[in-house]
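Below is start_0.csv, holding CSV, C-alpha atoms and all ligand atoms.
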```csv
chain,number,residue,atom,x,y,z
A,1043,MET,CA,110.4,75.0,103.1
A,1044,HIS,CA,109.6,76.4,99.6
A,1045,LYS,CA,107.6,79.6,99.6
A,1046,THR,CA,106.7,82.5,97.3
A,1047,ILE,CA,106.8,86.1,98.6
A,1048,CYS,CA,105.2,88.9,96.6
A,1049,LEU,CA,107.1,92.2,97.1
A,1050,LEU,CA,105.2,95.5,96.8
A,1051,PRO,CA,107.9,98.2,96.9
A,1052,GLY,CA,105.4,101.1,96.5
A,1053,ASP,CA,106.5,104.7,96.7
A,1054,GLY,CA,109.0,107.1,98.4
A,1055,ILE,CA,111.5,105.2,100.5
A,1056,GLY,CA,109.5,102.0,99.8
A,1057,PRO,CA,111.9,100.5,97.2
A,1058,GLU,CA,115.0,101.3,99.3
A,1059,ILE,CA,113.8,99.7,102.5
A,1060,LEU,CA,112.1,96.7,100.9
A,1061,THR,CA,115.4,95.8,99.1
A,1062,GLN,CA,117.1,95.6,102.5
A,1063,GLY,CA,114.2,93.5,103.9
A,1064,ALA,CA,114.2,91.1,101.0
A,1065,CYS,CA,118.0,90.7,101.3
A,1066,VAL,CA,117.6,89.7,104.9
A,1067,LEU,CA,114.8,87.2,104.1
A,1068,ALA,CA,116.9,85.7,101.3
A,1069,ALA,CA,119.9,85.4,103.6
A,1070,THR,CA,117.7,83.8,106.4
A,1071,ALA,CA,116.4,81.3,103.8
A,1072,GLN,CA,119.9,80.3,102.9
A,1073,LYS,CA,121.0,80.0,106.5
A,1074,PHE,CA,118.1,77.7,107.4
A,1075,GLY,CA,117.9,75.8,104.1
A,1076,HIS,CA,114.6,77.2,102.8
A,1077,ILE,CA,113.8,78.4,99.3
A,1078,PHE,CA,112.0,81.7,99.0
A,1079,ASP,CA,111.0,82.9,95.5
A,1080,PHE,CA,110.4,86.6,95.2
A,1081,GLU,CA,107.9,88.1,92.8
A,1082,GLU,CA,107.4,91.9,92.5
A,1083,ALA,CA,104.2,93.8,91.7
A,1084,LEU,CA,103.0,97.4,91.5
A,1085,ILE,CA,101.0,99.3,94.1
A,1086,GLY,CA,100.2,102.9,95.1
A,1087,GLY,CA,101.6,105.9,93.2
A,1088,ALA,CA,104.0,103.7,91.2
A,1089,ALA,CA,101.1,101.7,90.0
A,1090,VAL,CA,99.1,104.8,89.2
A,1091,ASP,CA,102.0,106.1,87.1
A,1092,ALA,CA,102.4,102.8,85.2
A,1093,THR,CA,98.8,101.7,84.8
A,1094,GLY,CA,96.5,104.5,85.9
A,1095,GLU,CA,95.2,102.3,88.8
A,1096,PRO,CA,96.6,102.2,92.4
A,1097,LEU,CA,95.9,98.5,92.6
A,1098,PRO,CA,96.1,96.8,89.2
A,1099,ALA,CA,94.3,93.4,88.8
A,1100,GLU,CA,97.6,91.8,88.1
A,1101,THR,CA,98.9,92.8,91.5
A,1102,VAL,CA,95.9,91.3,93.3
A,1103,GLU,CA,96.4,88.1,91.2
A,1104,LYS,CA,100.1,87.9,92.1
A,1105,CYS,CA,99.4,88.5,95.8
A,1106,ARG,CA,96.6,85.9,96.0
A,1107,LYS,CA,99.0,83.3,94.5
A,1108,ALA,CA,101.8,84.1,96.9
A,1109,ASP,CA,102.3,82.6,100.3
A,1110,ALA,CA,102.9,86.0,101.9
A,1111,VAL,CA,102.9,89.7,100.8
A,1112,TYR,CA,105.7,92.0,101.8
A,1113,LEU,CA,104.9,95.6,101.4
A,1114,SER,CA,106.8,98.8,102.2
A,1115,ALA,CA,104.7,102.0,101.9
A,1116,VAL,CA,102.6,104.0,99.4
A,1117,GLY,CA,101.8,107.6,98.8
A,1118,GLY,CA,103.4,111.0,98.4
A,1119,PRO,CA,102.7,114.6,97.4
A,1120,LYS,CA,103.1,113.7,93.7
A,1121,TRP,CA,99.6,112.1,93.8
A,1122,ASP,CA,97.9,114.6,96.1
A,1123,ALA,CA,95.8,116.0,93.2
A,1124,VAL,CA,94.6,112.7,91.7
A,1125,PRO,CA,90.9,111.9,92.1
A,1126,PRO,CA,90.1,110.1,95.5
A,1127,GLU,CA,89.5,106.7,93.8
A,1128,LYS,CA,92.9,106.8,92.2
A,1129,ARG,CA,94.9,107.8,95.4
A,1130,PRO,CA,97.8,105.5,96.3
A,1131,GLU,CA,96.2,104.8,99.7
A,1132,LYS,CA,93.3,103.2,97.8
A,1133,GLY,CA,95.7,100.5,96.7
A,1134,LEU,CA,96.5,99.7,100.3
A,1135,LEU,CA,92.8,99.5,101.4
A,1136,GLY,CA,92.1,97.6,98.3
A,1137,ILE,CA,94.7,94.9,98.8
A,1138,ARG,CA,93.6,94.4,102.5
A,1139,LYS,CA,90.0,94.0,101.3
A,1140,ALA,CA,91.0,91.7,98.4
A,1141,LEU,CA,92.9,89.4,100.7
A,1142,GLY,CA,90.3,89.5,103.4
A,1143,LEU,CA,92.8,90.7,106.0
A,1144,PHE,CA,90.6,91.4,109.0
A,1145,ALA,CA,93.3,91.3,111.7
A,1146,ASN,CA,96.0,93.9,112.1
A,1147,LEU,CA,98.8,93.1,114.6
A,1148,ARG,CA,101.0,95.9,115.7
A,1149,PRO,CA,103.6,95.2,118.4
A,1150,ALA,CA,105.0,98.2,120.3
A,1151,LEU,CA,108.3,97.3,122.0
A,1152,LEU,CA,110.7,99.5,123.8
A,1153,LEU,CA,114.2,98.0,123.1
A,1154,PRO,CA,116.6,98.7,125.9
A,1155,GLU,CA,119.1,99.8,123.2
A,1156,LEU,CA,116.7,102.6,122.2
A,1157,ALA,CA,115.4,103.6,125.6
A,1158,GLY,CA,116.8,107.1,125.1
A,1159,ALA,CA,114.3,107.7,122.2
A,1160,CYS,CA,111.3,106.9,124.4
A,1161,LEU,CA,108.9,109.8,124.8
A,1162,LEU,CA,107.9,108.8,128.4
A,1163,ARG,CA,109.4,109.9,131.7
A,1164,PRO,CA,112.4,107.6,132.5
A,1165,ASP,CA,110.6,106.1,135.6
A,1166,VAL,CA,107.6,105.1,133.4
A,1167,ALA,CA,109.8,103.8,130.6
A,1168,ALA,CA,111.8,101.8,133.1
A,1169,ARG,CA,108.7,99.7,133.8
A,1170,GLY,CA,108.9,98.5,130.2
A,1171,LEU,CA,106.7,98.6,127.1
A,1172,ASP,CA,106.0,95.4,125.3
A,1173,LEU,CA,102.5,95.2,124.0
A,1174,ILE,CA,100.7,94.3,120.8
A,1175,VAL,CA,97.6,96.0,119.4
A,1176,VAL,CA,95.2,93.6,117.7
A,1177,ARG,CA,93.0,95.9,115.5
A,1178,GLU,CA,90.0,94.8,113.4
A,1179,LEU,CA,90.8,96.0,109.9
A,1180,THR,CA,87.9,95.5,107.5
A,1181,GLY,CA,84.8,96.7,109.4
A,1182,ASP,CA,83.6,99.6,111.6
A,1183,ILE,CA,83.0,103.2,110.6
A,1184,TYR,CA,85.6,103.1,107.9
A,1185,PHE,CA,83.5,100.8,105.8
A,1186,GLY,CA,80.0,101.1,107.2
A,1187,GLU,CA,77.1,102.1,105.0
A,1188,PRO,CA,75.3,104.4,104.6
A,1189,ARG,CA,77.9,107.1,104.4
A,1190,GLY,CA,78.1,110.3,102.5
A,1191,LEU,CA,77.9,114.1,102.2
A,1192,GLU,CA,74.6,115.8,101.5
A,1193,THR,CA,72.6,118.9,102.3
A,1194,ARG,CA,70.1,118.5,105.1
A,1195,ASP,CA,67.8,121.5,106.0
A,1196,GLY,CA,70.2,123.8,104.0
A,1197,LEU,CA,73.3,122.6,106.0
A,1198,ARG,CA,76.2,120.6,104.5
A,1199,THR,CA,76.1,117.3,106.4
A,1200,GLY,CA,78.6,114.4,106.6
A,1201,PHE,CA,77.7,111.0,107.9
A,1202,ASN,CA,79.2,107.6,108.5
A,1203,THR,CA,78.0,104.4,110.1
A,1204,MET,CA,79.7,102.5,112.9
A,1205,ILE,CA,78.7,98.9,112.4
A,1206,TYR,CA,79.9,95.4,113.5
A,1207,THR,CA,78.3,92.0,113.3
A,1208,GLU,CA,78.9,89.5,116.1
A,1209,GLU,CA,80.9,87.3,113.6
A,1210,GLU,CA,83.3,90.1,112.8
A,1211,ILE,CA,83.9,90.7,116.5
A,1212,ARG,CA,84.3,87.0,117.4
A,1213,ARG,CA,86.9,86.3,114.8
A,1214,ILE,CA,89.1,89.3,115.8
A,1215,ALA,CA,88.6,88.4,119.5
A,1216,VAL,CA,89.9,84.8,118.7
A,1217,VAL,CA,93.0,86.3,117.1
A,1218,ALA,CA,93.6,88.4,120.3
A,1219,PHE,CA,93.1,85.5,122.7
A,1220,GLU,CA,95.3,83.2,120.6
A,1221,THR,CA,98.0,85.9,120.4
A,1222,ALA,CA,97.9,86.4,124.2
A,1223,ARG,CA,98.3,82.7,124.7
A,1224,LYS,CA,101.8,83.0,123.1
A,1225,ARG,CA,102.6,86.0,125.2
A,1226,ARG,CA,101.8,87.0,128.8
A,1227,LYS,CA,98.2,85.8,128.6
A,1228,LYS,CA,96.4,89.2,129.1
A,1229,VAL,CA,93.9,90.8,126.8
A,1230,CYS,CA,92.4,94.3,127.4
A,1231,SER,CA,89.4,94.9,125.2
A,1232,VAL,CA,88.9,98.6,124.3
A,1233,GLU,CA,85.6,100.1,123.3
A,1234,LYS,CA,83.1,102.8,124.2
A,1235,SER,CA,80.2,100.8,125.5
A,1236,ASN,CA,79.0,103.6,127.8
A,1237,VAL,CA,77.9,105.5,124.7
A,1238,LEU,CA,77.9,103.3,121.6
A,1239,GLU,CA,75.6,100.3,120.8
A,1240,THR,CA,78.3,98.9,118.5
A,1241,SER,CA,80.6,98.8,121.5
A,1242,ARG,CA,78.0,97.2,123.8
A,1243,LEU,CA,77.7,94.3,121.3
A,1244,TRP,CA,81.6,94.3,121.1
A,1245,LYS,CA,81.9,93.8,124.8
A,1246,GLU,CA,79.2,91.1,124.9
A,1247,VAL,CA,80.8,89.0,122.1
A,1248,VAL,CA,84.3,89.4,123.6
A,1249,LEU,CA,82.9,88.1,126.9
A,1250,GLU,CA,81.3,85.2,125.2
A,1251,THR,CA,84.5,84.3,123.2
A,1252,HIS,CA,86.5,84.5,126.4
A,1253,ARG,CA,84.7,81.4,127.8
A,1254,GLU,CA,86.9,79.3,125.5
A,1255,TYR,CA,90.0,81.1,126.8
A,1256,ALA,CA,89.8,80.9,130.6
A,1257,ASP,CA,93.6,80.8,130.9
A,1258,VAL,CA,93.8,84.3,129.4
A,1259,GLU,CA,93.0,87.3,131.8
A,1260,LEU,CA,90.5,89.6,130.2
A,1261,SER,CA,89.9,93.3,131.2
A,1262,HIS,CA,87.9,96.1,129.6
A,1263,LEU,CA,88.6,99.8,129.1
A,1264,TYR,CA,86.8,102.7,127.5
A,1265,VAL,CA,88.8,104.1,124.6
A,1266,ASP,CA,89.4,107.5,126.3
A,1267,ASN,CA,90.8,105.8,129.4
A,1268,ALA,CA,92.9,103.4,127.3
A,1269,ALA,CA,94.5,106.4,125.5
A,1270,MET,CA,95.4,107.9,128.9
A,1271,GLN,CA,96.6,104.6,130.4
A,1272,LEU,CA,98.9,104.0,127.4
A,1273,VAL,CA,101.0,107.1,128.4
A,1274,ARG,CA,100.5,106.8,132.1
A,1275,ASP,CA,101.7,103.2,132.4
A,1276,PRO,CA,102.0,101.1,129.2
A,1277,SER,CA,103.6,98.3,131.2
A,1278,GLN,CA,100.1,97.2,132.3
A,1279,PHE,CA,99.2,96.0,128.7
A,1280,ASP,CA,100.0,92.8,127.0
A,1281,VAL,CA,97.4,92.5,124.1
A,1282,ILE,CA,95.0,95.3,123.3
A,1283,LEU,CA,92.0,94.1,121.4
A,1284,THR,CA,90.0,96.8,119.6
A,1285,GLY,CA,88.0,97.9,116.5
A,1286,ASN,CA,89.1,99.6,113.4
A,1287,ILE,CA,88.9,103.3,114.2
A,1288,PHE,CA,90.0,103.0,117.9
A,1289,GLY,CA,92.8,100.7,116.9
A,1290,ASP,CA,94.0,103.1,114.2
A,1291,ILE,CA,94.5,105.8,116.8
A,1292,LEU,CA,95.7,103.7,119.7
A,1293,SER,CA,98.2,101.7,117.7
A,1294,ASP,CA,99.8,105.0,116.5
A,1295,GLU,CA,99.9,106.3,120.0
A,1296,ALA,CA,101.4,103.0,121.4
A,1297,SER,CA,104.0,103.0,118.7
A,1298,VAL,CA,105.0,106.6,118.8
A,1299,ILE,CA,105.8,106.6,122.5
A,1300,THR,CA,108.6,104.2,121.8
A,1301,GLY,CA,110.1,107.2,119.9
A,1302,SER,CA,111.1,105.3,116.8
A,1303,LEU,CA,108.6,105.2,113.9
A,1304,GLY,CA,111.3,103.7,111.7
A,1305,MET,CA,111.5,100.6,114.0
A,1306,LEU,CA,107.9,99.4,114.1
A,1307,PRO,CA,106.6,96.4,112.1
A,1308,SER,CA,103.1,95.1,111.5
A,1309,ALA,CA,101.2,92.1,110.2
A,1310,SER,CA,97.7,91.8,108.7
A,1311,LEU,CA,96.1,88.4,108.6
A,1312,GLY,CA,93.0,86.8,107.2
A,1313,ALA,CA,91.1,83.6,107.9
A,1314,SER,CA,93.2,81.9,105.2
A,1315,GLY,CA,95.5,82.8,102.3
A,1316,PRO,CA,98.6,85.0,102.4
A,1317,GLY,CA,99.1,87.6,105.2
A,1318,LEU,CA,100.5,91.1,104.5
A,1319,PHE,CA,103.6,92.3,106.4
A,1320,GLU,CA,104.6,96.0,106.3
A,1321,PRO,CA,106.3,98.7,108.4
A,1322,VAL,CA,103.9,101.0,110.3
A,1323,HIS,CA,105.4,104.2,108.9
A,1324,GLY,CA,104.6,105.8,105.5
A,1325,SER,CA,106.6,106.5,102.4
A,1326,ALA,CA,108.7,109.4,103.9
A,1327,PRO,CA,108.8,111.4,100.7
A,1328,ASP,CA,111.0,114.0,102.5
A,1329,ILE,CA,114.0,111.6,102.6
A,1330,ALA,CA,113.2,109.3,99.6
A,1331,GLY,CA,116.1,108.4,97.3
A,1332,GLN,CA,118.7,109.8,99.7
A,1333,ASP,CA,119.8,106.5,101.4
A,1334,LYS,CA,118.6,108.0,104.8
A,1335,ALA,CA,115.7,105.7,105.5
A,1336,ASN,CA,115.7,103.3,108.5
A,1337,PRO,CA,115.1,99.8,107.0
A,1338,LEU,CA,114.7,98.1,110.5
A,1339,ALA,CA,110.8,98.3,110.6
A,1340,THR,CA,110.7,96.6,107.3
A,1341,ILE,CA,113.3,94.0,108.3
A,1342,LEU,CA,111.3,93.4,111.5
A,1343,SER,CA,108.2,93.0,109.4
A,1344,GLY,CA,110.1,90.3,107.6
A,1345,ALA,CA,110.6,88.6,110.9
A,1346,MET,CA,106.8,88.8,111.5
A,1347,LEU,CA,106.2,87.3,108.0
A,1348,LEU,CA,108.4,84.3,108.9
A,1349,ARG,CA,106.8,83.8,112.4
A,1350,LEU,CA,103.1,84.4,111.6
A,1351,GLY,CA,103.0,83.8,107.9
A,1352,PHE,CA,105.2,80.6,107.7
A,1353,GLY,CA,105.4,79.5,111.3
A,1354,LEU,CA,109.2,79.8,111.3
A,1355,SER,CA,109.9,81.1,114.8
A,1356,ALA,CA,113.6,80.3,115.1
A,1357,GLU,CA,114.2,82.1,111.8
A,1358,ALA,CA,112.2,85.1,113.0
A,1359,ASP,CA,114.1,85.1,116.4
A,1360,CYS,CA,117.4,85.1,114.4
A,1361,ILE,CA,116.4,88.3,112.4
A,1362,GLU,CA,115.3,90.1,115.6
A,1363,ALA,CA,118.5,89.1,117.4
A,1364,ALA,CA,120.6,90.4,114.5
A,1365,VAL,CA,118.7,93.8,114.6
A,1366,ARG,CA,119.3,94.1,118.3
A,1367,ARG,CA,123.0,93.3,117.9
A,1368,THR,CA,123.3,95.9,115.2
A,1369,LEU,CA,121.8,98.5,117.6
A,1370,ALA,CA,123.8,97.3,120.5
A,1371,ASP,CA,126.9,97.7,118.4
A,1372,GLY,CA,126.0,101.4,118.0
A,1373,TYR,CA,124.7,101.7,114.4
A,1374,ARG,CA,121.9,104.2,113.9
A,1375,THR,CA,120.1,105.8,110.9
A,1376,GLY,CA,119.3,109.5,111.2
A,1377,ASP,CA,115.9,109.0,112.7
A,1378,ILE,CA,117.2,107.2,115.8
A,1379,MET,CA,120.6,108.8,116.0
A,1380,GLU,CA,122.0,109.7,119.5
A,1381,ALA,CA,125.3,111.2,120.5
A,1382,GLY,CA,128.2,108.7,120.6
A,1383,LYS,CA,126.6,106.4,118.0
A,1384,THR,CA,127.7,105.6,114.4
A,1385,LEU,CA,125.5,107.2,111.7
A,1386,VAL,CA,124.8,104.9,108.8
A,1387,GLY,CA,122.5,105.0,105.7
A,1388,CYS,CA,119.8,102.6,104.7
A,1389,GLU,CA,122.0,100.3,102.7
A,1390,GLU,CA,124.7,100.1,105.3
A,1391,MET,CA,122.2,99.4,108.0
A,1392,GLY,CA,120.9,96.5,106.0
A,1393,ARG,CA,124.4,95.3,105.5
A,1394,LYS,CA,125.2,95.5,109.3
A,1395,VAL,CA,122.1,93.3,110.0
A,1396,LEU,CA,123.1,90.8,107.3
A,1397,GLU,CA,126.6,90.5,108.8
A,1398,ARG,CA,125.1,89.8,112.2
A,1399,LEU,CA,122.6,87.3,110.9
B,1401,LIG,P1,105.6,109.1,107.2
B,1401,LIG,O1,105.6,107.9,108.1
B,1401,LIG,O2,105.9,108.7,105.7
B,1401,LIG,O3,106.7,110.1,107.7
B,1401,LIG,C1,106.7,110.8,108.9
B,1401,LIG,C2,108.1,111.2,109.3
B,1401,LIG,O4,108.8,110.1,109.8
B,1401,LIG,C3,108.9,111.9,108.2
B,1401,LIG,O5,109.7,112.9,108.7
B,1401,LIG,C4,109.7,110.8,107.7
B,1401,LIG,O6,110.9,111.2,107.1
B,1401,LIG,C5,110.0,110.0,108.9
B,1401,LIG,N1,110.1,108.5,108.6
B,1401,LIG,C6,109.1,107.6,108.3
B,1401,LIG,N2,109.6,106.4,108.1
B,1401,LIG,C7,110.9,106.5,108.3
B,1401,LIG,C8,112.0,105.6,108.1
B,1401,LIG,N3,111.8,104.3,107.8
B,1401,LIG,N4,113.3,106.1,108.3
B,1401,LIG,C9,113.5,107.3,108.7
B,1401,LIG,N5,112.5,108.3,108.8
B,1401,LIG,C10,111.3,107.9,108.6
B,1401,LIG,O7,104.3,109.8,107.3
B,1401,LIG,P2,103.7,111.1,106.5
B,1401,LIG,O8,104.8,112.1,106.2
B,1401,LIG,O9,102.5,111.5,107.2
B,1401,LIG,O10,103.2,110.5,105.1
B,1401,LIG,C11,104.0,110.4,103.9
B,1401,LIG,C12,103.2,109.6,102.9
B,1401,LIG,O11,103.1,108.3,103.3
B,1401,LIG,C13,101.8,110.1,102.6
B,1401,LIG,O12,101.5,110.1,101.3
B,1401,LIG,C14,100.9,109.2,103.4
B,1401,LIG,O13,99.6,109.0,102.9
B,1401,LIG,C15,101.7,107.9,103.2
B,1401,LIG,N6,101.5,106.9,104.3
B,1401,LIG,C16,101.5,105.6,103.9
B,1401,LIG,C17,101.3,104.6,104.8
B,1401,LIG,C18,101.4,103.2,104.3
B,1401,LIG,O14,101.7,102.9,103.2
B,1401,LIG,N7,101.1,102.2,105.2
B,1401,LIG,C19,101.2,104.9,106.2
B,1401,LIG,C20,101.3,106.2,106.6
B,1401,LIG,C21,101.4,107.2,105.6
```

Give the structure from this file in structure tokens form.
Amino acid sequence: MHKTICLLPGDGIGPEILTQGACVLAATAQKFGHIFDFEEALIGGAAVDATGEPLPAETVEKCRKADAVYLSAVGGPKWDAVPPEKRPEKGLLGIRKALGLFANLRPALLLPELAGACLLRPDVAARGLDLIVVRELTGDIYFGEPRGLETRDGLRTGFNTMIYTEEEIRRIAVVAFETARKRRKKVCSVEKSNVLETSRLWKEVVLETHREYADVELSHLYVDNAAMQLVRDPSQFDVILTGNIFGDILSDEASVITGSLGMLPSASLGASGPGLFEPVHGSAPDIAGQDKANPLATILSGAMLLRLGFGLSAEADCIEAAVRRTLADGYRTGDIMEAGKTLVGCEEMGRKVLERL
């Protein structure tokens, strides 16, 4: 297979971790006889510094032409004072929009090797945590119009619009049901249909879409209950299907209870064109440039790129197995360090994974 991957190193620890991720992808290509061409483009604060824009047109062009986009993270205190439209995060929202990436897939998996880091009571953690949040990414209150700040009756007033069309709901529901078919065949749709009209439509369309997926078990939860169930017993979940704002919050909750932010990958997919693969964490400016960052979330995002972007499951399995062997052999970066384990830096962690690949 011959593919082009556009690398977006971004800011902070971004360049360090993406170097390790790209090395692992290159080694996997070599092992399995594929050719991956890597191109690099600017995004976030690095792009602001070089061009004045967080998402230069050239970056969008390179991403559109690529078969997959591999991003690390953007942002940092250096750009806190820039005007809102020039903030590094605008680059991230912009590229998602430009590529039509409406589905965000975030697995939360508690690896037995890292059970000690889990924030849950041992008896709850022992039941296991292996779920994936399928979050709608381009609609909802984050993009709905009208929105704004104005003075009403002498009071400063802020307002946003929560809005979904049936088509937007249907296409994300399809992604969730298809994802569940490759897993344990359970979807839990999360909304707030006891209060919100948007959520009533959400539930209705999810039920309609489910008619084509009778082999998948469907349940429904209000978002407040879902947030509670996630810490009470996350083992009940396989695929959580939800909208943009609820998914933003629940996917962070689901991932943080594993205790290892530096371990969590994600994928964003559109109807066609390249997907975008990136770690869940940010640019960690506090440890940037010190060879302390954990590259495993980025490396595991590379595995998602191969599986979901290129349909290369055996290659993705191979990377995930190499990561688990590295952990089983006791290597840890600072963020997941435990007594009795061997502390390594970002580069060495990447090397250990490569050796096991
Ligand atoms: P963060 O995820 O960057 O860092 C939170 C904490 O986790 C820090 O202590 C950091 O050192 C640690 N951490 C994160 N990733 C790590 C890794 N791979 N290895 C070891 N430790 C790691 O979140 P934050 O501090 O809230 O945000 C920092 C910057 O990142 C901000 O500018 C924010 O806007 C941006 N951000 C970007 C993204 C993205 O690009 N997708 C996501 C979240 C935050």

- Would you work out the distance separating atom CA of A:Asn1267 from atom CA of A:Leu1292, expressed in Å to one decimal?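 Taking atom CA of A:Asn1267 as the start and atom CA of A:Leu1292 as the end point, the length is 11.1 Å.
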
- Task: Could I get the residue neighbourhood of ligand LIG 1401 (chain B) at 9 Å, counting only C-alpha atoms and all ligand atoms, as a PyMOL selection string?
- Result: chain A and resi 1052-1056+1059+1086+1113-1122+1129-1131+1134+1302-1306+1320-1330+1334-1340+1375-1378+1388

- Message: Let me make sure I understand: among A:Pro1316, A:Leu1238, A:Glu1155, A:Leu1396, which one has the smallest atom-to-atom distance to A:Arg1106 if we use all atoms listed in the file?
- Response: A:Pro1316

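Nearest residue to A:Ala1364, choosing from A:Gly1392, A:Pro1307, A:Gly1312, A:Gly1301 and counting only C-alpha atoms: A:Gly1392.
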
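The space separating atom CA of A:Leu1084 from atom CA of A:Met1346 comes to 22.1 Å.
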
- Taking only C-alpha atoms into account, which of A:Ala1356, A:Lys1128, A:Ser1235, A:Lys1227 comes nearest A:Thr1093?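 Result for the nearest residue to A:Thr1093: A:Lys1128.
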
- Item | Best match for closeness to A:Ala1071 among A:Arg1138, A:Thr1384, A:Met1043, A:Ala1296, counting only C-alpha atoms | A:Met1043

- Identify which of the residues A:Cys1230, A:Pro1154, A:Asn1146, A:Asp1257 lies closest to A:Ala1167, counting all atoms listed in the file when measuring atom-to-atom distances.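 Answer, going by the shortest atom-to-atom distance: A:Pro1154.
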
Cut-off 9 Å: closest stretch 1125-1218 of chain A/stretch 1274-1278 of chain A atom pairs per residue, using only C-alpha atoms, as JSON lines:
```
{"residue": "A:Leu1162", "atom": "CA", "partner": "A:Arg1274", "partner_atom": "CA", "distance": 8.5}
{"residue": "A:Val1166", "atom": "CA", "partner": "A:Asp1275", "partner_atom": "CA", "distance": 6.3}
{"residue": "A:Ala1167", "atom": "CA", "partner": "A:Ser1277", "partner_atom": "CA", "distance": 8.3}
{"residue": "A:Arg1169", "atom": "CA", "partner": "A:Ser1277", "partner_atom": "CA", "distance": 5.9}
{"residue": "A:Gly1170", "atom": "CA", "partner": "A:Ser1277", "partner_atom": "CA", "distance": 5.4}
{"residue": "A:Leu1171", "atom": "CA", "partner": "A:Ser1277", "partner_atom": "CA", "distance": 5.1}
{"residue": "A:Asp1172", "atom": "CA", "partner": "A:Ser1277", "partner_atom": "CA", "distance": 7.0}
{"residue": "A:Leu1173", "atom": "CA", "partner": "A:Pro1276", "partner_atom": "CA", "distance": 7.9}
```

- Query: Closest to A:Leu1049 among A:Ser1355, A:Gln1072, A:Thr1203, A:Thr1101, using only C-alpha atoms?
  - Reply: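 For A:Leu1049, the nearest of the candidates is A:Thr1101.
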
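Near (86.6, 103.5, 123.9), the residues that fall inside 7 Å on the basis of all atoms listed in the file are Val1232, Glu1233, Lys1234, Leu1263, Tyr1264, Val1265, Asp1266 and Phe1288 of chain A.
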
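Atom CA of A:Ser1308 is found 25.1 Å from atom CA of A:Lys1245.
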
At a cut-off of 12 Å around the point (91.5, 85.1, 121.2) (file coordinates), what residues fall inside when counting all atoms listed in the file? I'd like the answer as a PDB file with C-alpha atoms, in the coordinates of the input.
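The resulting file, point.pdb, is reproduced below:
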```
ATOM      1  CA  ALA A1145      93.300  91.300 111.700  1.00  0.00           C
ATOM      2  CA  VAL A1176      95.200  93.600 117.700  1.00  0.00           C
ATOM      3  CA  ILE A1211      83.900  90.700 116.500  1.00  0.00           C
ATOM      4  CA  ARG A1212      84.300  87.000 117.400  1.00  0.00           C
ATOM      5  CA  ARG A1213      86.900  86.300 114.800  1.00  0.00           C
ATOM      6  CA  ILE A1214      89.100  89.300 115.800  1.00  0.00           C
ATOM      7  CA  ALA A1215      88.600  88.400 119.500  1.00  0.00           C
ATOM      8  CA  VAL A1216      89.900  84.800 118.700  1.00  0.00           C
ATOM      9  CA  VAL A1217      93.000  86.300 117.100  1.00  0.00           C
ATOM     10  CA  ALA A1218      93.600  88.400 120.300  1.00  0.00           C
ATOM     11  CA  PHE A1219      93.100  85.500 122.700  1.00  0.00           C
ATOM     12  CA  GLU A1220      95.300  83.200 120.600  1.00  0.00           C
ATOM     13  CA  THR A1221      98.000  85.900 120.400  1.00  0.00           C
ATOM     14  CA  ALA A1222      97.900  86.400 124.200  1.00  0.00           C
ATOM     15  CA  ARG A1223      98.300  82.700 124.700  1.00  0.00           C
ATOM     16  CA  LYS A1224     101.800  83.000 123.100  1.00  0.00           C
ATOM     17  CA  ARG A1225     102.600  86.000 125.200  1.00  0.00           C
ATOM     18  CA  LYS A1227      98.200  85.800 128.600  1.00  0.00           C
ATOM     19  CA  LYS A1228      96.400  89.200 129.100  1.00  0.00           C
ATOM     20  CA  VAL A1229      93.900  90.800 126.800  1.00  0.00           C
ATOM     21  CA  CYS A1230      92.400  94.300 127.400  1.00  0.00           C
ATOM     22  CA  SER A1231      89.400  94.900 125.200  1.00  0.00           C
ATOM     23  CA  VAL A1247      80.800  89.000 122.100  1.00  0.00           C
ATOM     24  CA  VAL A1248      84.300  89.400 123.600  1.00  0.00           C
ATOM     25  CA  LEU A1249      82.900  88.100 126.900  1.00  0.00           C
ATOM     26  CA  GLU A1250      81.300  85.200 125.200  1.00  0.00           C
ATOM     27  CA  THR A1251      84.500  84.300 123.200  1.00  0.00           C
ATOM     28  CA  HIS A1252      86.500  84.500 126.400  1.00  0.00           C
ATOM     29  CA  ARG A1253      84.700  81.400 127.800  1.00  0.00           C
ATOM     30  CA  GLU A1254      86.900  79.300 125.500  1.00  0.00           C
ATOM     31  CA  TYR A1255      90.000  81.100 126.800  1.00  0.00           C
ATOM     32  CA  ALA A1256      89.800  80.900 130.600  1.00  0.00           C
ATOM     33  CA  ASP A1257      93.600  80.800 130.900  1.00  0.00           C
ATOM     34  CA  VAL A1258      93.800  84.300 129.400  1.00  0.00           C
ATOM     35  CA  GLU A1259      93.000  87.300 131.800  1.00  0.00           C
ATOM     36  CA  LEU A1260      90.500  89.600 130.200  1.00  0.00           C
ATOM     37  CA  VAL A1281      97.400  92.500 124.100  1.00  0.00           C
ATOM     38  CA  ILE A1282      95.000  95.300 123.300  1.00  0.00           C
ATOM     39  CA  LEU A1283      92.000  94.100 121.400  1.00  0.00           C
ATOM     40  CA  THR A1284      90.000  96.800 119.600  1.00  0.00           C
TER      41      THR A1284
END
```

- Which residues, written as number ranges by chain, have at least one atom at most 12 Å from A:Ala1110, with all atoms listed in the file counted and residues fewer than 4 positions away on the same chain left out? A: 1044-1050, 1078-1082, 1104-1106, 1141, 1143, 1309-1312, 1314-1320, 1343-1344, 1346-1353

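Within 12 Å of stretch 1185-1196 of chain A, once only C-alpha atoms are used and residues closer than 5 positions along the same chain are dropped, the contacting residues are Leu1135, Gly1136, Lys1139, Glu1178, Leu1179, Thr1180, Phe1201, Asn1202, Thr1203, Met1204, Ile1205, Tyr1206, Thr1207, Thr1240, Gly1285, Asn1286 and Ile1287 of chain A.
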